[in-house]
Protein chains: 2
Amino acid sequence: MWSMSIAGKGRTPVTLKDLAAELGIHSSTVSRVLHSTSDVARGAASSATAERVRKLAAERGYSPDPQATSLRTRRTRALGVIVPRLSDIVLATMYEGVEEAAAASNYSTFVMNSHDSIDEQRRKADIMLARRVDGLILGDVHAGSTLIHDLRARHVPFVLMNRRHEGFPSSTCDDVTGGELVADHLWDAGHRRVAVIAGEPYASTAIDRTAGFSQRWRELGGELRKKDVIWSRFDTEGGKNAAEKIISRPGRPPTAVFSVNDFAAIGAMGTFRAHGLTVGQDVAVVGFNDTSLAAQLPIPLSSVRSPMLDIGRRAVEMLQKVINGEHVDSARMTPQLFVRESSAAASHVSPVRTIAG
Amino acid sequence: MWSMSIAGKGRTPVTLKDLAAELGIHSSTVSRVLHSTSDVARGAASSATAERVRKLAAERGYSPDPQATSLRTRRTRALGVIVPRLSDIVLATMYEGVEEAAAASNYSTFVMNSHDSIDEQRRKADIMLARRVDGLILGDVHAGSTLIHDLRARHVPFVLMNRRHEGFPSSTCDDVTGGELVADHLWDAGHRRVAVIAGEPYASTAIDRTAGFSQRWRELGGELRKKDVIWSRFDTEGGKNAAEKIISRPGRPPTAVFSVNDFAAIGAMGTFRAHGLTVGQDVAVVGFNDTSLAAQLPIPLSSVRSPMLDIGRRAVEMLQKVINGEHVDSARMTPQLFVRESSAAASHVSPVRTIAG
DNA sequence: GCTTATCGCGCAATCGTTTGGGTAAATTGC
DNA sequence: GCAATTTACCCAAACGATTGCGCGATAAGC
């Protein structure tokens with residue numbers, strides 16, 4: 001509302017009272033003028049006085065003390081954001097959306113890493129609440145979370161981001177649809193033996209993407225055994241281990257692998273290469289999130305793009321409504337599949353382009 | 001100091017006065033007891049009273065209102081962190097170190113993205129200062145920054161992180177040494193025609209890594225023309241473009257490329273592959289930062305590991321000293337080179353292993 | 001037994017805003 | 001020209017914590 005010029009020399013920041021004293025009026029009048037949104041300070045002061053106040057405030061680089069304001073108004077204009085880890089580019093990007101939207105409505109954000117541990121989630125939430133944030137955005141909710149029930153019981157305003165949970169408002173990608181897109185794509189390319197690197201079983205992203213894929217795959221007439229779905233960590237290491245399992249088990253290896261996360265996909269690509277398989281020819285790989293890396297990899301990776309920035313922005317909008325006591329519905333942003341070299345070729349195992357339809 | 005149990009039912013948080021009233025003593029006594037670090041509340045209260053106070057505070061889940069505290073003490077126990085972008089895994093990892101160290105000493109952190117624009121840097125710093133943070137950590141300082149001079153003139157406590165600047169305390173990797181390590185490695189492997197993907201010319205990381213490499217390379221007797229150093233963006237796209245330039249220029253292509261950033265290196269690897277070159281055989285590539293991805297890539301990438309978490313942690317320690325008015329020296333953390341497949345093979349252009357030494 | 005220290009605690013000011021409730025003076029209505 | 005509004009302000013009480021000062025009462029010193 002009022003910007004404080006860095007060039008302003010103010011050793012101790014200038015206060016309302018300072019301005020009032022210099023103008024020979026009362027600080028409450030200054031406050032009212034500075035808060036009157038319209039040009040005319042309706043009832044608060046004469047337009048002449050208002051003008052003088054505004055001029056001096058700008059000159060002195062007045063910026064209200066947020067602590068004092070919060071103490072009085074019981075609002076901090078601060079939001080707490082908890083994510084598994086910011087070094088995960090997916091969450092970091094969502095946070096960029098959060099920060100942008102929050103800043104646009106004069107909110108600041110605290111962000112903390114929970115490392116996906118339920119103890120840390122609780123601890124970090126405690127810290128945020130001790131800071132008296134106006135609301136929380138949780139980007140790391142687990143499938144069986146008790147924390148969110150406790151928060152609700154305490155009437156803490158919060159929304160979920162990235163991962164969803166039945167009965168709570170969330171801003172996420174439509175992960176089920178994302179999984180379906182991949183199933184359609186791989187089926188159309190002629191693949192019939194596939195495996196899924198499914199991610200962490202407590203994350204709705206992993207669950208939904210896997211479920212969307214599996215359901216659609218079976219609808220199309222495909223076979224998908226339990227052991228074709230490998231749950232794993234979300235990082236390259238996890239993808240590597242999962243791929244090892246896929247490769248080393250008896251029977252013919254799959255001709256295509258869907259990894260619910262780009263980084264796991266990259267790990268898997270490395271393993272396949274180490275075993276002499278060429279990704280894109282011997283085995284197709286599709287990732288998820290369409291991280292900036294995907295398109296630029298030596299073998300460009302097919303991936304489902306999720307609108308991460310929008311998910312973050314939307315989470316902020318939703319949280320603001322919750323804070324204002326309004327009702328909100330969950331938002332599910334639509335994903336889009338980008339087919340690249342890693343899965344562009346038709347499967348040469350069964351070159352029939354389409355069996356069903 | 002006092003933890004607030006989420007299970008605590010407190011609709012409105014309990015205050016000092018609440019506790020005092022319930023105990024039949026004055027709120028100032030409660031305050032003093034809760035602040036006495038030792039078991040005995042020296043002069044503040046009898047140990048019996050102190051015991052009662054502490055017990056009730058724990059029971060009621062008392063947690064002091066940070067706004068009220070800040071208003072009185074003129075300290076917010078909040079730090080501002082500005083980075084180019086958190087979706088850059090390097091800065092995100094440093095921030096993890098920052099958050100960890102800050103939390104450990106009861107500080108909270110605001111973090112904002114400047115997108116490496118000097119206007120945004122200033123704007124975000126303004127926002128942080130308007131929030132009355134106790135100090136700033138700048139992870140995005142530019143070579144010719146005027147902002148840091150202004151901040152110093154205003155006596156704002158701050159330290160630099162990731163990138164350094166002459167005359168200001170900073171917590172960084174020893175980038176010059178990092179560049180030298182790569183020069184030694186490539187020279188020893190027999191390479192004589194090399195190119196550098198140098199990064200953004202306003203970042204000390206880019207400048208120092210390139211300088212360290214160049215100097216050492218020439219010391220070893222190598223040749224490095226001006227056009228062998230290509231300044232570029234830090235991401236995959238930037239690496240890709242730089243590699244295109246390297247490939248498409250007249251004359252024999254280099255047998256090795258040093259990229260001051262892993263992501264740029266990955267972009268370059270993609271370009272080389274697209275031109276039919278096998279990384280690790282036809283052309284060696286070395287990156288920087290040893291991002292978790294590097295070792296897991298289909299062709300594992302040699303890289304200089306910089307202790308990103310430590311850099312972040314150290315920045316916090318340093319800032320705390322600055323806040324306390326103590327003197328601090330810049331910290332330069334030592335890097336370590338990890339040689340992997342992307343550059344492990346000796347150059348078959350000049351298979352002589354060592355010429356100098 | 002009297003002075004002096006120490007203990008245990010209360011009082012009240014203060015930090016910078018916001019905001020409900022005034023009250024003179026100026027303006028309007030008729 | 002006088003009552004009724006409206007205008008343009010000021011006053012003071014919060015919000016919740018911290019902290020210098022003060023003051024009885026007990027303990028210690030000699």
# chains A, B, ... in the order shown; residues from 1 in each chain; ligands from 1
call {"tool": "interface_residues", "arguments": {"of": "chain B", "to": "chain A", "cutoff": "6 Å", "atoms": "only C-alpha atoms", "output": "JSON, numbers by chain"}}
result
{"B": [67, 71, 86, 87, 89, 92, 93, 110, 267, 269, 270, 296, 297, 298]}
call {"tool": "write_last_selection", "arguments": {"atoms": "C-alpha atoms", "output": "mmCIF file, in the first residue's frame"}}
result
data_model
loop_
_atom_site.group_PDB
_atom_site.id
_atom_site.type_symbol
_atom_site.label_atom_id
_atom_site.label_comp_id
_atom_site.auth_asym_id
_atom_site.auth_seq_id
_atom_site.Cartn_x
_atom_site.Cartn_y
_atom_site.Cartn_z
ATOM 1 C CA GLN B 67 3.669 -9.750 17.194
ATOM 2 C CA LEU B 71 6.496 -4.729 19.005
ATOM 3 C CA LEU B 86 13.528 -21.609 -5.881
ATOM 4 C CA SER B 87 12.820 -23.885 -8.805
ATOM 5 C CA ILE B 89 17.543 -26.864 -7.266
ATOM 6 C CA ALA B 92 16.424 -24.536 -3.180
ATOM 7 C CA THR B 93 18.975 -26.791 -1.530
ATOM 8 C CA PHE B 110 10.536 -15.447 4.407
ATOM 9 C CA GLY B 267 21.312 -29.227 -22.050
ATOM 10 C CA MET B 269 24.683 -33.239 -23.517
ATOM 11 C CA GLY B 270 21.363 -33.265 -25.337
ATOM 12 C CA GLN B 296 21.802 -40.711 -11.946
ATOM 13 C CA LEU B 297 21.706 -39.502 -15.505
ATOM 14 C CA PRO B 298 21.684 -42.103 -18.285
#
call {"tool": "interface_residues", "arguments": {"of": "chain D", "to": "chain A", "cutoff": "7 Å", "atoms": "only C-alpha atoms (C1' of nucleotides)", "output": "ChimeraX atom specification"}}
result
/D:7-8,10,15
call {"tool": "select_by_dssp", "arguments": {"residues": "segment 45-144 of chain B", "states": "alpha helix (DSSP H)", "output": "JSON, numbers by chain"}}
result
{"B": [47, 48, 49, 50, 51, 52, 53, 54, 55, 56, 57, 58, 59, 60, 66, 67, 68, 69, 70, 71, 72, 73, 89, 90, 91, 92, 93, 94, 95, 96, 97, 98, 99, 100, 101, 102, 103, 104, 118, 119, 120, 121, 122, 123, 124, 125, 126, 127, 128, 129, 130]}
call {"tool": "write_last_selection", "arguments": {"atoms": "C-alpha atoms", "output": "short mmCIF file (atom, residue, chain, number, x, y, z; two decimals), in the first residue's frame"}}
result
data_model
loop_
_atom_site.label_atom_id
_atom_site.label_comp_id
_atom_site.auth_asym_id
_atom_site.auth_seq_id
_atom_site.Cartn_x
_atom_site.Cartn_y
_atom_site.Cartn_z
CA SER B 47 10.95 -21.78 42.87
CA ALA B 48 7.52 -22.85 44.02
CA THR B 49 5.82 -20.13 42.03
CA ALA B 50 8.08 -20.73 39.07
CA GLU B 51 7.05 -24.35 39.12
CA ARG B 52 3.37 -23.50 39.16
CA VAL B 53 3.80 -21.03 36.34
CA ARG B 54 5.66 -23.44 34.13
CA LYS B 55 3.19 -26.18 34.78
CA LEU B 56 0.18 -24.09 33.90
CA ALA B 57 1.86 -22.63 30.83
CA ALA B 58 2.52 -26.13 29.55
CA GLU B 59 -1.01 -27.23 30.38
CA ARG B 60 -2.66 -24.34 28.63
CA PRO B 66 5.23 -12.98 18.38
CA GLN B 67 3.67 -9.75 17.19
CA ALA B 68 3.38 -8.40 20.70
CA THR B 69 6.87 -9.54 21.52
CA SER B 70 8.29 -7.96 18.39
CA LEU B 71 6.50 -4.73 19.00
CA ARG B 72 8.08 -4.47 22.40
CA THR B 73 11.54 -5.87 21.68
CA ILE B 89 17.54 -26.86 -7.27
CA VAL B 90 20.83 -25.29 -6.24
CA LEU B 91 19.22 -22.37 -4.49
CA ALA B 92 16.42 -24.54 -3.18
CA THR B 93 18.98 -26.79 -1.53
CA MET B 94 20.82 -23.87 -0.01
CA TYR B 95 17.51 -22.65 1.29
CA GLU B 96 16.95 -25.99 2.97
CA GLY B 97 20.17 -25.36 4.84
CA VAL B 98 18.99 -21.88 5.69
CA GLU B 99 15.64 -23.03 6.95
CA GLU B 100 17.20 -25.76 9.05
CA ALA B 101 19.73 -23.48 10.70
CA ALA B 102 17.22 -20.70 11.18
CA ALA B 103 14.65 -22.98 12.76
CA ALA B 104 17.33 -24.36 15.05
CA ILE B 118 17.56 -6.08 -10.28
CA ASP B 119 14.20 -4.34 -10.11
CA GLU B 120 12.63 -7.32 -8.41
CA GLN B 121 15.55 -7.68 -6.06
CA ARG B 122 14.94 -4.20 -4.83
CA ARG B 123 11.21 -4.66 -4.67
CA LYS B 124 11.46 -7.88 -2.71
CA ALA B 125 14.01 -6.41 -0.34
CA ASP B 126 11.60 -3.54 0.26
CA ILE B 127 8.83 -5.96 1.10
CA MET B 128 11.07 -7.85 3.50
CA LEU B 129 12.17 -4.70 5.24
CA ALA B 130 8.62 -3.45 5.44
#
call {"tool": "atom_distance", "arguments": {"atom1": "atom CA of Gly325 of chain A", "atom2": "atom CA of Ser170 of chain A"}}
result
15.8 Å
call {"tool": "residues_around", "arguments": {"residues": "Ser232 of chain A", "least_positions_apart": "2", "cutoff": "7 Å", "atoms": "only C-alpha atoms (C1' of nucleotides)", "output": "list in words"}}
result
Ile197, Ala198, Gly199, Glu200, Ile230, Phe234, Gly238, Gly239 and Ala242 of chain A
call {"tool": "write_last_selection", "arguments": {"atoms": "N, CA and C atoms", "output": "JSON list (two decimals), in the first residue's frame"}}
result
[["chain", "number", "residue", "atom", "x", "y", "z"],
["A", 197, "ILE", "N", 5.87, -47.22, -12.49],
["A", 197, "ILE", "CA", 6.65, -46.81, -11.32],
["A", 197, "ILE", "C", 5.74, -45.82, -10.58],
["A", 198, "ALA", "N", 5.20, -46.29, -9.46],
["A", 198, "ALA", "CA", 3.98, -45.67, -8.93],
["A", 198, "ALA", "C", 4.21, -44.58, -7.91],
["A", 199, "GLY", "N", 5.43, -44.42, -7.42],
["A", 199, "GLY", "CA", 5.66, -43.36, -6.43],
["A", 199, "GLY", "C", 5.32, -43.81, -5.03],
["A", 200, "GLU", "N", 5.21, -42.85, -4.14],
["A", 200, "GLU", "CA", 4.97, -43.13, -2.72],
["A", 200, "GLU", "C", 3.51, -43.43, -2.48],
["A", 230, "ILE", "N", 5.06, -50.87, -9.36],
["A", 230, "ILE", "CA", 6.10, -50.81, -8.34],
["A", 230, "ILE", "C", 6.06, -49.47, -7.61],
["A", 234, "PHE", "N", 10.13, -40.79, -4.99],
["A", 234, "PHE", "CA", 9.85, -39.88, -6.09],
["A", 234, "PHE", "C", 11.11, -39.39, -6.82],
["A", 238, "GLY", "N", 14.90, -43.53, -6.52],
["A", 238, "GLY", "CA", 13.71, -44.39, -6.47],
["A", 238, "GLY", "C", 13.39, -44.99, -7.82],
["A", 239, "GLY", "N", 13.50, -44.17, -8.86],
["A", 239, "GLY", "CA", 13.22, -44.65, -10.21],
["A", 239, "GLY", "C", 14.21, -45.72, -10.63],
["A", 242, "ALA", "N", 13.40, -48.98, -8.83],
["A", 242, "ALA", "CA", 12.19, -49.58, -9.40],
["A", 242, "ALA", "C", 12.51, -50.24, -10.74]]
call {"tool": "atom_distance", "arguments": {"atom1": "atom CA of Gly287 of chain A", "atom2": "atom CA of Leu301 of chain A"}}
result
6.9 Å
call {"tool": "interface_residues", "arguments": {"of": "chain C", "to": "chain B", "cutoff": "10 Å", "atoms": "only C-alpha atoms (C1' of nucleotides)", "output": "list in words"}}
result
DT6, DC7, DG8, DC9, DG10, DC11, DT14, DC15 and DG16 of chain C
call {"tool": "write_last_selection", "arguments": {"atoms": "C-alpha atoms (C1' of nucleotides)", "output": "tab-separated table (two decimals), in the first residue's frame"}}
result
chain	number	residue	atom	x	y	z
C	6	DT	C1'	18.34	-9.87	49.00
C	7	DC	C1'	14.07	-11.93	47.67
C	8	DG	C1'	9.51	-12.05	45.60
C	9	DC	C1'	6.63	-9.78	43.42
C	10	DG	C1'	3.43	-5.77	41.65
C	11	DC	C1'	2.95	-1.26	39.01
C	14	DT	C1'	5.94	1.36	26.40
C	15	DC	C1'	6.14	-0.55	21.50
C	16	DG	C1'	2.82	1.45	16.86
call {"tool": "residues_around", "arguments": {"residues": "Ser171 of chain A", "least_positions_apart": "5", "cutoff": "7 Å", "atoms": "only C-alpha atoms (C1' of nucleotides)", "output": "ChimeraX atom specification"}}
result
/A:160-162,311,314-315,330-332
call {"tool": "write_last_selection", "arguments": {"atoms": "N, CA and C atoms", "output": "PDB file, in the first residue's frame"}}
result
ATOM      1  N   LEU A 160      -5.249 -27.678   0.922  1.00  0.00           N
ATOM      2  CA  LEU A 160      -4.231 -28.613   0.467  1.00  0.00           C
ATOM      3  C   LEU A 160      -3.771 -28.218  -0.924  1.00  0.00           C
ATOM      4  N   MET A 161      -2.549 -28.536  -1.214  1.00  0.00           N
ATOM      5  CA  MET A 161      -1.999 -28.235  -2.533  1.00  0.00           C
ATOM      6  C   MET A 161      -1.226 -29.462  -2.983  1.00  0.00           C
ATOM      7  N   ASN A 162      -1.206 -29.678  -4.264  1.00  0.00           N
ATOM      8  CA  ASN A 162      -0.432 -30.766  -4.849  1.00  0.00           C
ATOM      9  C   ASN A 162      -1.071 -32.133  -4.596  1.00  0.00           C
ATOM     10  N   ILE A 311      -1.521 -24.206 -10.005  1.00  0.00           N
ATOM     11  CA  ILE A 311      -1.929 -24.928  -8.802  1.00  0.00           C
ATOM     12  C   ILE A 311      -1.563 -24.111  -7.568  1.00  0.00           C
ATOM     13  N   ARG A 314      -3.774 -20.894  -7.409  1.00  0.00           N
ATOM     14  CA  ARG A 314      -5.135 -21.228  -7.019  1.00  0.00           C
ATOM     15  C   ARG A 314      -5.227 -21.553  -5.527  1.00  0.00           C
ATOM     16  N   ALA A 315      -4.209 -22.198  -5.030  1.00  0.00           N
ATOM     17  CA  ALA A 315      -4.204 -22.550  -3.605  1.00  0.00           C
ATOM     18  C   ALA A 315      -4.323 -21.277  -2.760  1.00  0.00           C
ATOM     19  N   SER A 330     -12.809 -27.862  -4.242  1.00  0.00           N
ATOM     20  CA  SER A 330     -11.477 -28.256  -4.689  1.00  0.00           C
ATOM     21  C   SER A 330     -11.308 -27.945  -6.172  1.00  0.00           C
ATOM     22  N   ALA A 331     -10.094 -27.626  -6.546  1.00  0.00           N
ATOM     23  CA  ALA A 331      -9.796 -27.341  -7.949  1.00  0.00           C
ATOM     24  C   ALA A 331      -8.907 -28.444  -8.503  1.00  0.00           C
ATOM     25  N   ARG A 332      -9.264 -28.937  -9.702  1.00  0.00           N
ATOM     26  CA  ARG A 332      -8.424 -29.960 -10.341  1.00  0.00           C
ATOM     27  C   ARG A 332      -8.034 -29.454 -11.713  1.00  0.00           C
TER      28      ARG A 332
END
call {"tool": "closest_residue", "arguments": {"among": "B:Pro157, B:Gly167, B:Gly312, B:Pro335", "to": "Gly139 of chain B", "atoms": "only C-alpha atoms"}}
result
B:Gly312
call {"tool": "atom_distance", "arguments": {"atom1": "atom CA of Ser145 of chain A", "atom2": "atom CA of Arg163 of chain A"}}
result
11.6 Å
